[in-house]
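S.K.: Handing you a structure now.
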Amino acid sequence: EKEYRRLSVGALSAAAPSSHSPRIAPHAMASRLFGKATPKAPAPTTADISQKLGASADGIDGKIQKLETELARYTSQMKNMKDGPAKKQVQKRAMQILKQKKMYEAQRDRTQQQQFNMDQIGFTKDTLVDTKDTVNAMKAGLKDMKKEFKKMDLGKIEDLQDDMADMMEQAEEIQSTLGRSYAQDDVDDADLEAELAAMEDDPSLFFQAEESGEADYLSLPSTGTGEASATTATKEEALPSAQPA
């Protein structure tokens, strides 16, 4: 009996939580008892659904192609058969295959329509996201522009332009001053034109002839025949006569 009591007290002491042992949180205790919850899978997107529908449509197309191949074989076989029970059996099989083909074609069309709808929804969603990003970018750009415009003073810019114009005008005056001629009287253009016209009428009034006569560039050819003959005779007299050998 004493041994039984000792074992019972030991069992109760082992079952009771010790004051020095760490406490276990309720959710940890529940995890130990019932196991951890499986993480929830993310919801499929429109792109995932569209891809899945496309794969289904491709699989249906493969089945349709197999039925078409088999239907072509039965059709070719019926052409070479005579009317009778055998041809009716082949014809019945061909009718079943054609019915299956029509069913698969309708299913394929529905699947492709669903895929098109998913693509349209995805496209619209992407467009809305792009529009939102564009609007946010425009707002940020407008904010930056306002911030930069606050750093600019229109009055200072106008003053800067006026100062630049004054500096350019002063530079032009300096250039004009440096290009001024020294010790030269102002000549009237009308006087120059009158003097030039007088030179054309009688150059001898303005140019002096050389000792041997007028300069070559002032000699003008005469239009009279007598003066031309006299000039020729003078030149012939000036030439030495040729002596016979």
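Following the order of the structure tokens, first chain is A, next is B, and so on, with residues numbered from 1 inside each chain and ligands from 1 in the order they appear.
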Which residues, written as a PyMOL selection string, have at least one atom at most 12 Å from Met78 (chain A), with only C-alpha atoms counted and residues fewer than 5 positions away on the same chain left out?
M.R.: chain A and resi 71-73+83-94
S.K.: Considering only C-alpha atoms, return as a list in words whatever protein or nucleic-acid residues lie within 12 Å of Gln113 (chain A), sequence-local ones (same chain, fewer than 5 positions apart) excluded.
M.R.: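 The filter keeps Ser50, Leu53, Gly54, Ala57, Ala106, Gln107, Arg108, Met118, Asp119 and Gln120 of chain A.
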S.K.: Taking only C-alpha atoms into account, name the residue in A:Asp189, A:Asp133, A:Glu70, A:Asp153 that is nearest to Gln100 (chain A).
M.R.: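 Counting only C-alpha atoms, the residue closest to Gln100 (chain A) is A:Glu70.
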S.K.: Could you tell me how far CA of Lys79 (chain A) lies from CA of Ile64 (chain A), in Å and to one decimal?
M.R.: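 Distance between the two atoms: 22.6 Å.
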S.K.: Could you work out how far CA of Ile49 (chain A) lies from CA of Gln114 (chain A), giving the answer in Å with one decimal?
M.R.: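 Result for CA of Gln114 (chain A) versus CA of Ile49 (chain A): 9.3 Å, one decimal.
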S.K.: Between A:Gln115, A:Thr131, A:Ser176, A:Gln170, which has the minimum distance to Ser56 (chain A) (counting only C-alpha atoms)?
M.R.: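 Of the candidates, the smallest distance to Ser56 (chain A) is held by A:Gln115.
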S.K.: Here is a test: counting only C-alpha atoms, which residue of A:Asp58, A:Glu158, A:Leu98, A:Leu142 is nearest to Thr75 (chain A)?
M.R.: A:Leu98
